[in-house]
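Please read the structure below before turning to the comments.
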Amino acid sequence: MRKSKILMYMFLLIFISSTIGCDNNMARTNLTQSVESSAVSDEIPEVLTEAVTYEIKTKGSLKDGGITTGDGIYQEGEFATIEAMTSENYQFVSWSLGGEVVSTDPIYKFLVKENQQLTARFEIAKLMNDQLYEAISNEITNYEIIVNVIDDSNADLLLKNKTTDETKKLLTLTDCVSEHYHFKESHNGNIYLIRRIGDIDTEYWTDELWRYSLDNTVTKLFTMKGLDFRVSPNEAFIAAQEYTNRLIILDANGQILKDYTNEDLTDVEFNESTFTELLKWSDDSSTMWGCLSTPIPLYLFEIQTSNWEVMGYDLTVLPVGDEHDLNPNSQLYVFSNLPMIVDVYSMNELEASKKELNLYLYNLEIKELKILDTSVAKSFKPVWIGLDTIEYDDPESDNRIKFTVNYH
């Protein structure tokens, strides 16, 4: 009996040991599965996202200059190819973005990173009428180039016979800035004018200064926004101004000779109402004159081309009003104390005031001031018509008076 109990105890121990071992194996199996499951859960699942796209637009600078292709929607990182194809008698110059040239090839391939609008610059390939020039080559000096304005952007360039006044059309410009107060000048039969490239309602535009010459050459001289200019009588120098903030002196080929900021031109402190403006060259092309205004003139300056030095003349001590004119050859300045007239109401107010107005002559060099004439609330409209002659409205009639300056 005792032996049977011992055998039974041994059987129970073997069974319990086997059961515990099985539980341990199951635990190890569960632990392994848990670790594998955790490893899988830590992986980042792949997420499908929509591709980023951008729009590419193209256009030509001249309506009739040609066509452009390649517009469309492109994925970021994709290459776009655009092409400019010219019309007859036109030529492709460059592709530009935001006014900056990005390619001079008509077919341009680039990586798409953002929305872009590119402009193909077209120019007339045959800018002047060669046959017309050949027909009058023996008497070309008897001609001059003139501008016939059609509207704010269209103008014809004409070759005019100075003896017979007969004109022949050379070409038509579709980007002439004829609404500009000073968009053209004529010198020695040649014409200088401003052309505006691009849409001014956007940031993608600029002004260009061009010269059309009697020798049948056409030259683009300079490019800047908000361009104003004055050409010296001998055409050796060109003063160009950008938005009244920068004055540049160019040579006859458009190369920069000297660059001035407003602070280089005057010691007067600027504020929101003051600006610089170009005035005149001296007849011998040795001096360029300009002015600081509000718009009433505050300060005159002259630039000598011999050494590029600037000399200034303070006008704030003078009763300078809304009418004035400078003689660039003699340093004489004529002006009146006419208050600023902005509309018919201010003119009527002046006439009703019976205010006494004086016409003055001021010598900038020796700072001498003289009264030339007096009126009762009537403007003089003075202007220099010669080296020593001023013309102005007679205070007592509707006539114009000519006054010759005595330098002695």
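Residue numbering restarts at 1 for every chain of the structure tokens, chains are lettered A, B, ... in their displayed order, and ligands are numbered from 1 as they appear.
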task: Based on DSSP run over this structure's backbone, return all residues of stretch 179-293 of chain A in strand (DSSP E), as JSON, numbers by chain.
output: {"A": [184, 185, 186, 187, 190, 191, 192, 193, 194, 195, 196, 197, 198, 205, 206, 207, 208, 209, 210, 211, 212, 218, 219, 220, 221, 222, 223, 224, 227, 228, 229, 230, 231, 237, 238, 239, 240, 241, 242, 246, 247, 248, 249, 250, 251, 256, 257, 258, 259, 260, 261, 275, 276, 277, 278, 279, 280, 281, 287, 288, 289, 290, 291, 292, 293]}
query: Do you know which residues are at most 10 Å from A:Thr164 counting only C-alpha atoms, after dropping those on the same chain fewer than 4 positions away, and could you put them as a list in words?
result: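 Once the nearby chain positions are removed, what remains is Asn142, Tyr143 and Lys160 of chain A.
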message: Please list as a PyMOL selection string every residue within 9 Å of A:Lys258, counting only C-alpha atoms and excluding residues in the same chain fewer than 6 positions away.
response: chain A and resi 247-250+308
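Using only C-alpha atoms, the shortest contact distance between A:Asp71 and any of A:Ile401, A:Leu214, A:Leu118, A:Val93 is found at A:Leu118.
Pairwise distance (atom CA of A:Phe335, atom CA of A:Val383) equals 9.2 Å.
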task: Please run DSSP on the backbone and report, as an MDAnalysis selection string, all residues within stretch 98-264 of chain A that come out as alpha helix (DSSP H).
output: chainID A and resid 130:135 262:264
- request: Go ahead and compute the interatomic distance for atom CA of A:Thr69 and atom CA of A:Gly198, in Å to one decimal.
  value: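 Result for atom CA of A:Thr69 versus atom CA of A:Gly198: 18.1 Å, one decimal.
Closest approach to A:Asp264 from the set A:Leu193, A:Val310, A:Leu318, A:Leu332 is made by A:Val310, with distances taken over only C-alpha atoms.
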message: as a ChimeraX atom specification, please: the residues near A:Thr219 (cut-off 12 Å, only C-alpha atoms, same-chain neighbours under 6 positions excluded).
response: /A:123,127-128,190-194,208-213,252-254
Restricting it to C-alpha atoms, dump the selection as a tab-separated table (two decimals), in the first residue's frame.
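Produced file part-v9.tsv, reproduced below:
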chain	number	residue	atom	x	y	z
A	123	GLU	CA	11.13	93.60	-81.86
A	127	LEU	CA	12.92	98.84	-88.10
A	128	MET	CA	13.34	101.45	-90.80
A	190	ASN	CA	17.36	112.29	-84.97
A	191	ILE	CA	14.53	111.38	-82.60
A	192	TYR	CA	14.77	110.07	-79.03
A	193	LEU	CA	11.70	108.58	-77.37
A	194	ILE	CA	10.45	106.40	-74.54
A	208	GLU	CA	13.22	102.00	-72.60
A	209	LEU	CA	14.95	104.96	-74.23
A	210	TRP	CA	15.48	104.55	-78.01
A	211	ARG	CA	17.22	106.62	-80.68
A	212	TYR	CA	16.13	106.59	-84.34
A	213	SER	CA	18.83	108.15	-86.47
A	252	ALA	CA	25.93	108.49	-76.90
A	253	ASN	CA	25.92	104.67	-76.86
A	254	GLY	CA	23.97	104.38	-73.62
